[in-house]
Every structure is written in structure tokens, then in C-alpha cells.
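Structure file input_4.txt with compact mmCIF, C-alpha atoms:
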# COMPACT_ATOMS: atom_id res chain seq x y z
CA MET A 1 147.49 149.62 71.62
CA LYS A 2 148.54 148.06 74.92
CA ASN A 3 146.33 150.51 76.81
CA ILE A 4 143.35 149.60 74.66
CA LEU A 5 143.91 145.87 75.23
CA PHE A 6 144.33 146.42 78.98
CA GLN A 7 141.04 148.37 79.14
CA MET A 8 139.25 145.64 77.20
CA TRP A 9 140.62 142.99 79.57
CA GLN A 10 139.47 144.99 82.61
CA SER A 11 135.97 145.37 81.17
CA LEU A 12 135.74 141.66 80.40
CA TRP A 13 136.90 140.74 83.92
CA HIS A 14 134.37 143.16 85.43
CA TYR A 15 131.45 141.61 83.53
CA ARG A 16 132.59 138.06 84.28
CA ARG A 17 132.85 138.87 87.97
CA GLN A 18 129.30 140.33 87.97
CA ALA A 19 128.00 137.25 86.15
CA VAL A 20 129.55 134.96 88.76
CA ILE A 21 128.09 137.02 91.60
CA PHE A 22 124.60 137.01 90.03
CA THR A 23 124.85 133.26 89.42
CA ILE A 24 125.73 132.63 93.08
CA ILE A 25 122.88 134.87 94.27
CA GLY A 26 120.46 133.08 91.95
CA CYS A 27 121.49 129.66 93.25
CA VAL A 28 121.07 130.75 96.85
CA ALA A 29 117.60 132.10 96.07
CA VAL A 30 116.52 128.86 94.37
CA LEU A 31 117.82 126.75 97.27
CA SER A 32 115.96 128.97 99.73
CA VAL A 33 112.67 128.51 97.89
CA ILE A 34 113.16 124.74 97.72
CA SER A 35 114.00 124.58 101.41
CA PHE A 36 110.96 126.65 102.33
CA ARG A 37 108.60 124.49 100.29
CA THR A 38 109.84 121.27 101.82
CA MET A 39 110.03 122.56 105.38
CA PRO A 40 107.30 121.17 107.67
CA ILE A 41 104.88 123.88 108.77
CA LEU A 42 104.20 123.91 112.50
CA ALA A 43 101.17 125.39 114.23
CA GLN A 44 102.39 128.92 114.93
CA PRO A 45 100.72 132.31 114.73
CA ALA A 46 101.00 134.34 111.55
CA SER A 47 101.66 137.56 113.43
CA THR A 48 103.78 138.47 116.42
CA SER A 49 102.36 141.95 116.87
CA SER A 50 101.10 143.18 120.24
CA GLU A 51 97.55 142.73 118.96
CA ARG A 52 98.04 138.98 118.56
CA PRO A 53 100.19 137.37 121.29
CA VAL A 54 102.49 134.55 120.29
CA ILE A 55 101.02 131.09 120.93
CA LYS A 56 103.58 128.32 120.74
CA ALA A 57 102.45 124.93 119.45
CA PRO A 58 101.20 123.38 122.71
CA ASN A 59 102.02 119.94 124.07
CA PHE A 60 98.56 118.36 124.19
CA GLY A 61 100.15 114.97 124.87
CA ARG A 62 100.75 115.81 128.52
CA HIS A 63 96.98 115.88 129.13
CA PHE A 64 96.64 112.30 127.92
CA GLN A 65 99.61 111.31 130.07
CA GLU A 66 97.97 112.83 133.13
CA PHE A 67 94.97 110.53 132.60
CA GLY A 68 97.18 107.57 131.72
CA ARG A 69 95.40 106.98 128.41
CA GLU A 70 96.35 106.86 124.74
CA GLY A 71 94.43 109.10 122.40
CA SER A 72 94.50 111.96 119.94
CA ILE A 73 93.21 115.47 119.48
CA LEU A 74 92.91 117.74 116.46
CA ILE A 75 91.96 121.42 116.74
CA TYR A 76 91.47 123.55 113.63
CA ASP A 77 91.62 127.35 113.92
CA SER A 78 89.48 128.36 110.94
CA LYS A 79 90.25 132.09 110.91
CA ASN A 80 94.01 131.56 110.78
CA ASN A 81 93.87 128.25 108.86
CA ARG A 82 96.00 126.64 111.55
CA ILE A 83 96.05 123.08 112.88
CA TYR A 84 97.05 122.00 116.38
CA GLU A 85 97.18 118.29 117.11
CA HIS A 86 98.48 115.39 119.15
CA ASN A 87 99.03 111.98 117.52
CA PRO A 88 98.68 112.88 113.79
CA LYS A 89 98.72 109.21 112.73
CA ARG A 90 95.66 108.46 114.85
CA ASN A 91 93.94 111.60 113.56
CA ALA A 92 94.18 110.07 110.08
CA THR A 93 92.89 106.63 111.18
CA ALA A 94 89.25 105.74 110.61
CA ILE A 95 87.05 104.16 113.28
CA ALA A 96 83.30 103.89 113.82
CA PRO A 97 81.74 107.23 114.82
CA ALA A 98 79.60 105.71 117.60
CA SER A 99 77.23 108.30 119.10
CA THR A 100 78.90 111.23 117.34
CA PHE A 101 76.78 109.97 114.43
CA LYS A 102 73.75 111.33 116.28
CA ILE A 103 74.59 114.67 114.65
CA PHE A 104 74.08 113.17 111.20
CA ASN A 105 71.16 110.99 112.32
CA ALA A 106 69.34 114.04 113.69
CA LEU A 107 69.85 115.90 110.41
CA VAL A 108 68.31 113.03 108.43
CA ALA A 109 65.41 112.56 110.85
CA LEU A 110 64.41 116.23 110.73
CA GLU A 111 64.89 116.54 106.97
CA THR A 112 62.77 113.47 106.19
CA GLY A 113 60.06 114.34 108.73
CA VAL A 114 60.72 111.22 110.80
CA VAL A 115 60.38 113.64 113.69
CA PRO A 116 58.76 117.03 113.04
CA ASP A 117 60.96 118.97 115.45
CA ASP A 118 63.30 118.68 118.40
CA VAL A 119 60.59 118.35 121.06
CA ALA A 120 58.30 115.68 119.56
CA VAL A 121 58.25 112.75 122.01
CA LEU A 122 58.83 109.09 121.21
CA THR A 123 57.45 106.49 123.61
CA TRP A 124 59.93 104.37 125.53
CA ASP A 125 59.75 100.70 124.54
CA GLY A 126 59.76 99.58 128.18
CA ILE A 127 63.06 97.73 127.91
CA HIS A 128 65.19 98.56 130.94
CA ARG A 129 68.73 99.67 130.10
CA ASP A 130 71.79 100.24 132.26
CA ILE A 131 71.68 104.02 131.86
CA ASP A 132 68.70 105.34 133.84
CA ALA A 133 68.32 108.44 131.67
CA TRP A 134 67.34 106.18 128.76
CA ASN A 135 64.42 104.51 130.54
CA HIS A 136 61.60 106.92 129.75
CA ASP A 137 59.84 108.74 126.92
CA THR A 138 62.04 111.38 125.34
CA ASN A 139 62.52 113.77 122.44
CA LEU A 140 65.28 114.57 119.95
CA ARG A 141 66.84 117.31 122.06
CA GLN A 142 66.93 115.37 125.32
CA ALA A 143 67.98 112.14 123.63
CA PHE A 144 70.92 113.99 122.07
CA LYS A 145 71.95 115.29 125.48
CA ASP A 146 71.56 111.87 127.15
CA SER A 147 72.98 110.05 124.10
CA THR A 148 69.93 107.76 124.19
CA VAL A 149 70.82 104.95 121.80
CA TRP A 150 67.36 103.38 121.44
CA PHE A 151 65.84 106.72 120.39
CA TYR A 152 68.29 107.23 117.53
CA LYS A 153 67.95 103.61 116.47
CA VAL A 154 64.23 104.24 116.02
CA LEU A 155 64.98 107.35 113.95
CA ALA A 156 67.31 105.38 111.66
CA ARG A 157 64.75 102.60 111.15
CA ARG A 158 62.05 105.12 110.31
CA ALA A 159 64.31 106.97 107.86
CA GLY A 160 65.06 103.64 106.20
CA TYR A 161 68.10 102.09 104.58
CA GLU A 162 67.74 103.68 101.13
CA ARG A 163 67.24 107.25 102.33
CA MET A 164 70.02 106.95 104.87
CA GLN A 165 72.45 105.63 102.26
CA GLN A 166 71.48 108.43 99.88
CA PHE A 167 72.24 111.10 102.47
CA ILE A 168 75.49 109.36 103.46
CA ASN A 169 76.55 109.39 99.80
CA LYS A 170 75.52 113.01 99.21
CA VAL A 171 77.49 114.21 102.19
CA GLY A 172 80.38 111.80 101.62
CA TYR A 173 80.37 110.86 105.28
CA GLY A 174 83.36 108.71 106.25
CA ASN A 175 83.77 105.54 104.21
CA ARG A 176 80.00 105.58 103.36
CA GLN A 177 79.59 101.93 104.39
CA ILE A 178 76.31 101.31 106.25
CA GLY A 179 76.07 97.59 105.54
CA THR A 180 72.72 96.07 104.53
CA ALA A 181 69.15 96.92 105.40
CA ALA A 182 69.49 94.65 108.44
CA ASP A 183 72.20 96.98 109.80
CA ILE A 184 70.14 100.16 109.60
CA ASP A 185 69.89 100.65 113.37
CA ARG A 186 73.50 99.82 114.31
CA PHE A 187 75.88 100.54 111.40
CA TRP A 188 77.45 103.51 113.21
CA LEU A 189 78.18 101.35 116.26
CA GLU A 190 79.96 98.51 114.45
CA GLN A 191 83.69 98.88 113.82
CA GLN A 192 83.55 96.89 110.55
CA LEU A 193 80.92 99.15 108.90
CA LEU A 194 80.77 102.96 108.89
CA GLN A 195 84.11 104.54 109.76
CA ILE A 196 85.40 108.10 109.89
CA THR A 197 88.71 109.73 110.82
CA PRO A 198 89.08 112.67 113.22
CA GLN A 199 90.23 114.69 110.19
CA GLU A 200 86.99 113.83 108.39
CA GLN A 201 84.97 114.70 111.49
CA ILE A 202 86.50 118.20 111.35
CA LYS A 203 85.58 118.59 107.67
CA PHE A 204 82.00 117.45 108.32
CA LEU A 205 81.64 119.91 111.22
CA GLN A 206 82.99 122.72 109.06
CA ARG A 207 80.34 122.02 106.45
CA LEU A 208 77.67 121.89 109.15
CA TYR A 209 78.79 125.25 110.52
CA GLN A 210 78.86 126.79 107.04
CA GLY A 211 75.48 125.30 106.07
CA ASP A 212 77.18 123.45 103.22
CA LEU A 213 75.22 120.19 103.57
CA PRO A 214 72.23 118.77 101.60
CA PHE A 215 69.76 119.72 104.34
CA SER A 216 67.43 122.68 104.78
CA GLN A 217 68.56 125.68 106.80
CA ARG A 218 65.83 124.92 109.34
CA THR A 219 67.19 121.40 109.85
CA ILE A 220 70.78 122.63 110.18
CA ASN A 221 69.81 125.38 112.63
CA LEU A 222 67.88 122.95 114.84
CA VAL A 223 70.76 120.50 114.99
CA LYS A 224 73.25 123.27 115.75
CA ASP A 225 71.00 124.36 118.59
CA ILE A 226 70.70 120.93 120.19
CA MET A 227 74.50 120.58 119.99
CA VAL A 228 75.05 123.49 122.39
CA ARG A 229 76.80 122.30 125.58
CA GLU A 230 77.91 125.62 127.05
CA GLN A 231 76.92 129.17 126.23
CA THR A 232 78.25 132.32 127.90
CA PRO A 233 78.47 135.97 126.81
CA ASP A 234 82.02 135.18 125.64
CA TYR A 235 81.74 131.83 123.85
CA THR A 236 79.51 129.01 122.64
CA LEU A 237 80.65 125.40 122.77
CA ARG A 238 78.87 122.77 120.68
CA GLY A 239 79.70 119.09 120.69
CA LYS A 240 78.79 115.43 120.88
CA THR A 241 80.42 112.54 122.69
CA GLY A 242 80.62 108.94 121.53
CA TRP A 243 81.73 105.62 122.97
CA LEU A 244 82.75 102.82 120.62
CA THR A 245 82.40 99.54 122.51
CA SER A 246 82.85 97.20 119.52
CA SER A 247 86.60 97.83 119.29
CA LYS A 248 89.56 96.75 121.42
CA PRO A 249 90.46 98.90 123.18
CA GLN A 250 87.15 100.72 123.40
CA VAL A 251 87.36 104.29 122.13
CA GLY A 252 85.70 107.48 123.31
CA TRP A 253 84.95 110.42 121.02
CA PHE A 254 84.31 114.11 121.61
CA VAL A 255 83.75 116.28 118.54
CA GLY A 256 82.37 119.76 118.00
CA TYR A 257 83.35 123.39 117.68
CA LEU A 258 83.92 126.46 119.81
CA GLU A 259 82.88 129.96 118.75
CA GLN A 260 84.98 132.61 120.49
CA ASN A 261 86.90 135.79 119.62
CA LYS A 262 84.92 136.08 116.35
CA ASN A 263 86.50 132.80 115.31
CA VAL A 264 85.56 129.12 115.15
CA TYR A 265 87.73 126.31 116.50
CA PHE A 266 86.76 122.80 115.36
CA PHE A 267 87.91 119.83 117.41
CA ALA A 268 87.92 116.04 117.37
CA THR A 269 89.24 114.03 120.32
CA THR A 270 89.60 110.25 120.69
CA LEU A 271 90.56 108.39 123.84
CA ASP A 272 91.13 104.72 124.72
CA MET A 273 88.59 103.84 127.43
CA GLN A 274 88.54 100.92 129.83
CA LYS A 275 85.69 101.74 132.20
CA PRO A 276 82.80 104.22 132.58
CA GLU A 277 84.91 106.38 134.88
CA ASP A 278 87.13 107.19 131.87
CA ALA A 279 84.27 108.92 130.03
CA PRO A 280 84.70 112.45 131.49
CA ALA A 281 88.35 112.50 130.38
CA ARG A 282 87.28 112.93 126.73
CA ILE A 283 85.77 116.29 127.54
CA GLU A 284 88.33 117.37 130.12
CA ILE A 285 91.29 116.74 127.81
CA THR A 286 89.56 118.74 125.09
CA ARG A 287 88.84 121.62 127.47
CA ARG A 288 92.43 121.68 128.73
CA SER A 289 93.73 121.70 125.15
CA LEU A 290 91.46 124.60 124.19
CA LYS A 291 92.62 126.46 127.29
CA ASP A 292 96.20 125.93 126.12
CA LEU A 293 95.22 128.13 123.18
CA GLY A 294 93.90 130.84 125.50
CA LEU A 295 90.25 129.82 124.95
CA LEU A 296 87.29 129.00 127.21
CA ALA A 297 88.25 131.92 129.42
CA HIS A 298 86.71 135.29 130.24
CA ILE A 299 87.49 137.94 127.65
CA ASN A 300 88.42 141.34 129.08
Before we go any further, please render this structure as C-alpha cells.
Amino acid sequence: MKNILFQMWQSLWHYRRQAVIFTIIGCVAVLSVISFRTMPILAQPASTSSERPVIKAPNFGRHFQEFGREGSILIYDSKNNRIYEHNPKRNATAIAPASTFKIFNALVALETGVVPDDVAVLTWDGIHRDIDAWNHDTNLRQAFKDSTVWFYKVLARRAGYERMQQFINKVGYGNRQIGTAADIDRFWLEQQLLQITPQEQIKFLQRLYQGDLPFSQRTINLVKDIMVREQTPDYTLRGKTGWLTSSKPQVGWFVGYLEQNKNVYFFATTLDMQKPEDAPARIEITRRSLKDLGLLAHIN
């Protein structure tokens, strides 16, 4: 009888010990899942194989420091669904798009027939402006390259307030605020009207690249073509600068996307600007940041 009771006690102890062990393992597993879900995800590569070299999250901030300017940059690696950025708070802050809106303005102008194509010429109004490149007749393509403000103001007036607002609403561009009919040729230049964040700029550019906008494929293809800044056998860089002068401090933009390595990298850069000599820094900081990711270089 004693042997039977002893065997029963041993069996009970064995099962209780297993239950405790399984309970501990289960708790550890649950805590691990919770910790993983709440852990901030940094911009790091998904693979460390020899086919994909490790790219540590770069310090883009040092480029701004070298120019002595405050700013932000956001780069989205679409293939790997990975974000690299400097100054996340600023990347989520809305400001007027300034001349980066010429991308949207060109889409509307072509779609509505305000201009039939990218080479149709508009006559200069004869008003002399500080930038010499603006003081002559020009077309959509050249005006995009020179960022000719008067040309795109004419396009907006010809498209009209109602049609412009309709397209803004359909696309969901920024805060969708273009003011009144009296603001039709300046709403993208005024800080208190149309505003967009760098994050939203990236989303808009993604939709442009994918053709997921309420414009014809012809219109989208033409605008993509006039956006080309650099094209080599290895990569194509598209983009548009902007300079918001109605804010303090004034802010420079550079937005666009790079096609390289069978991938697309979307970017949006902002920079506090004090004088015209600061303008090239928008592009240079963006280029240096892309190079930090091993881009804009010859592919062997």
C-alpha cells in the first residue's frame, strides 16, 4: 500500500513540475511577443546575406550640420518598405508646398487642356523679374526646369478655381485648402493656405509613380518626363525644388524619387534658407543622403 501511495505521489509531483515549467515558458513567450510589438523599428536591412550588404541607419543630420542649417529629410525604400529620416517631427509638420506644387499644377494643366503638351509656348507678359530665366517666352518643360512662377500662375488661372479644387479633393493633396477664387494663382505660395507634410509629399509621389492618380496615363507620363533631372545607364533621378518665402524662416524643398537597382527611393527634403546661396544645399544634402545608402553611384 505504501509503495502504491509513493508511486502516486511521484506521478503527481512529475506532472506538477511539468505544468510549472510549461507555465514559465508560456509567460516568457508572451512577454517576448509584447516586447517585440512595442519595440521601435529602426531603418535596417531585412537580410544580412552576402547578396545584400548591411546598411546601418545613417546619420543624415551631419549633412545639415555641415551647411549650418536646420532641416529634415525622409527617404522611403519602396522595395524593402523601409524609412530613413532625419528630424521625424518636422517630417510630420505641414507647410506650403511652394514650387513643388508645379508637379500637381502641370498634371492639371495637361489634363484640362490648358496647355496641349509640354512644348506649347506661352508669351512672356513683359514684366521684368529678378530671375533672368523667367524673362522670356517659355513652355511647360522649360518653365518646370527654371521654376518659372509666372508661367504656372497663368496655368492655374486658366484651369480655374473650381476645377483646381476638384482635382485637389480627388487626390487628397495636403490639407486641400486653396482659399477663394482670388487666391487661384498663389495658394501654393502662401503659408496660411495649402499645406503638405514631407510624409504626404512621399505618398503623393508614390501615387504618381504608380499611376494611381485621377489623370490620364499620357498626362502622368509627360509630367514624369519633365521631372527628370539626371539620367544615366544606372539610375534616373526625378525631382522638383521649391522655396517658401512667406514663412519665417524661409524654407526650401526638394522632393522626388530615384530609380536604381530595380528599386524606387522616394525623398522629401526641407531646409531653412536665409539667402539665395543656400538654395543648392537642398539638393546637395539630398544627394549626400542617398549616397549614404550606396546610391547615385556606378553599378559594377
Nearest to Ile168 in chain A among A:Thr286, A:Asn135, A:Thr236, A:Gln195, with distances taken over all atoms listed in the file: which residue is it?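 Closest residue, counting all atoms listed in the file: A:Gln195.
Between CA of Gln260 in chain A and CA of Asp234 in chain A there is a distance of 6.5 Å.
Residue nearest Ala98 in chain A, chosen from A:Asp292, A:Asp225, A:Asp132, A:Asp185 and counting all atoms listed in the file: A:Asp185.
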Quick one: contact table of range 223-299 of chain A to range 143-151 of chain A, 10 Å max, nearest atom pair and distance in Å to one decimal per residue, counting all atoms listed in the file, chain and number order, as CSV?
residue,atom,partner,partner_atom,distance
A:Val223,CA,A:Phe144,CA,9.6
A:Ile226,CA,A:Phe144,CA,7.2
A:Met227,CA,A:Phe144,CA,7.8
A:Val228,CA,A:Lys145,CA,9.3
A:Arg229,CA,A:Lys145,CA,8.5
A:Gly239,CA,A:Lys145,CA,9.9
A:Lys240,CA,A:Phe144,CA,8.1
A:Thr241,CA,A:Ser147,CA,8.0
A:Gly242,CA,A:Ser147,CA,8.1
A:Trp243,CA,A:Ser147,CA,9.9
Could you jot down the CA of Gln191 in chain A to CA of Ala96 in chain A separation for me, Å, one decimal place? 5.0 Å
Could you tell me how far CA of Ala156 in chain A lies from CA of Trp134 in chain A, in Å and to one decimal?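 Taking CA of Ala156 in chain A as the start and CA of Trp134 in chain A as the end point, the length is 17.1 Å.
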Which one of A:Leu194, A:Val115, A:Val108, A:Leu271 sits closest to Gln166 in chain A if you count only C-alpha atoms?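 Looking at the shortest contact to Gln166 in chain A, the residue is A:Val108.
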Residues within 9 Å of Ile285 in chain A, all atoms listed in the file, excluding chain neighbours under 6 positions, as a compact mmCIF listing (two decimals) with C-alpha atoms, in the frame of the given file:
# COMPACT_ATOMS: atom_id res chain seq x y z
CA PHE A 60 98.56 118.36 124.19
CA HIS A 63 96.98 115.88 129.13
CA PHE A 64 96.64 112.30 127.92
CA PHE A 67 94.97 110.53 132.60
CA ILE A 73 93.21 115.47 119.48
CA THR A 269 89.24 114.03 120.32
For Leu193 in chain A, find every residue with an atom within 9 Å (counting only C-alpha atoms), except residues of its own chain fewer than 6 positions away, and show them as an mmCIF file with C-alpha atoms, in the frame of the given file.
data_model
loop_
_atom_site.group_PDB
_atom_site.id
_atom_site.type_symbol
_atom_site.label_atom_id
_atom_site.label_comp_id
_atom_site.auth_asym_id
_atom_site.auth_seq_id
_atom_site.Cartn_x
_atom_site.Cartn_y
_atom_site.Cartn_z
ATOM 1 C CA ALA A 96 83.300 103.890 113.820
ATOM 2 C CA ASN A 175 83.770 105.540 104.210
ATOM 3 C CA ARG A 176 80.000 105.580 103.360
ATOM 4 C CA GLN A 177 79.590 101.930 104.390
ATOM 5 C CA ILE A 178 76.310 101.310 106.250
ATOM 6 C CA GLY A 179 76.070 97.590 105.540
ATOM 7 C CA PHE A 187 75.880 100.540 111.400
#
Taking into account only C-alpha atoms, which residue in the set A:Leu244, A:Leu296, A:Leu140, A:Leu74 is nearest to Lys275 in chain A?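 Residue with the minimum atom-to-atom distance to Lys275 in chain A: A:Leu244.
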Minimum-distance residue to Trp188 in chain A, chosen among A:Lys203, A:Arg288, A:Lys102, A:His86 (using all atoms listed in the file):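 Closest residue, counting all atoms listed in the file: A:Lys102.
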Using all atoms listed in the file: which of A:Ser99, A:Gln65, A:Asn263, A:Asn105 has the shortest distance to Ser78 in chain A: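 For Ser78 in chain A, the nearest of the given residues is A:Asn263.
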Compile the contact shell of Gln217 in chain A as a ChimeraX atom specification: residues with an atom at most 12 Å away, counting only C-alpha atoms, same-chain residues fewer than 5 positions apart removed. /A:107,110-111,208-212,222-224
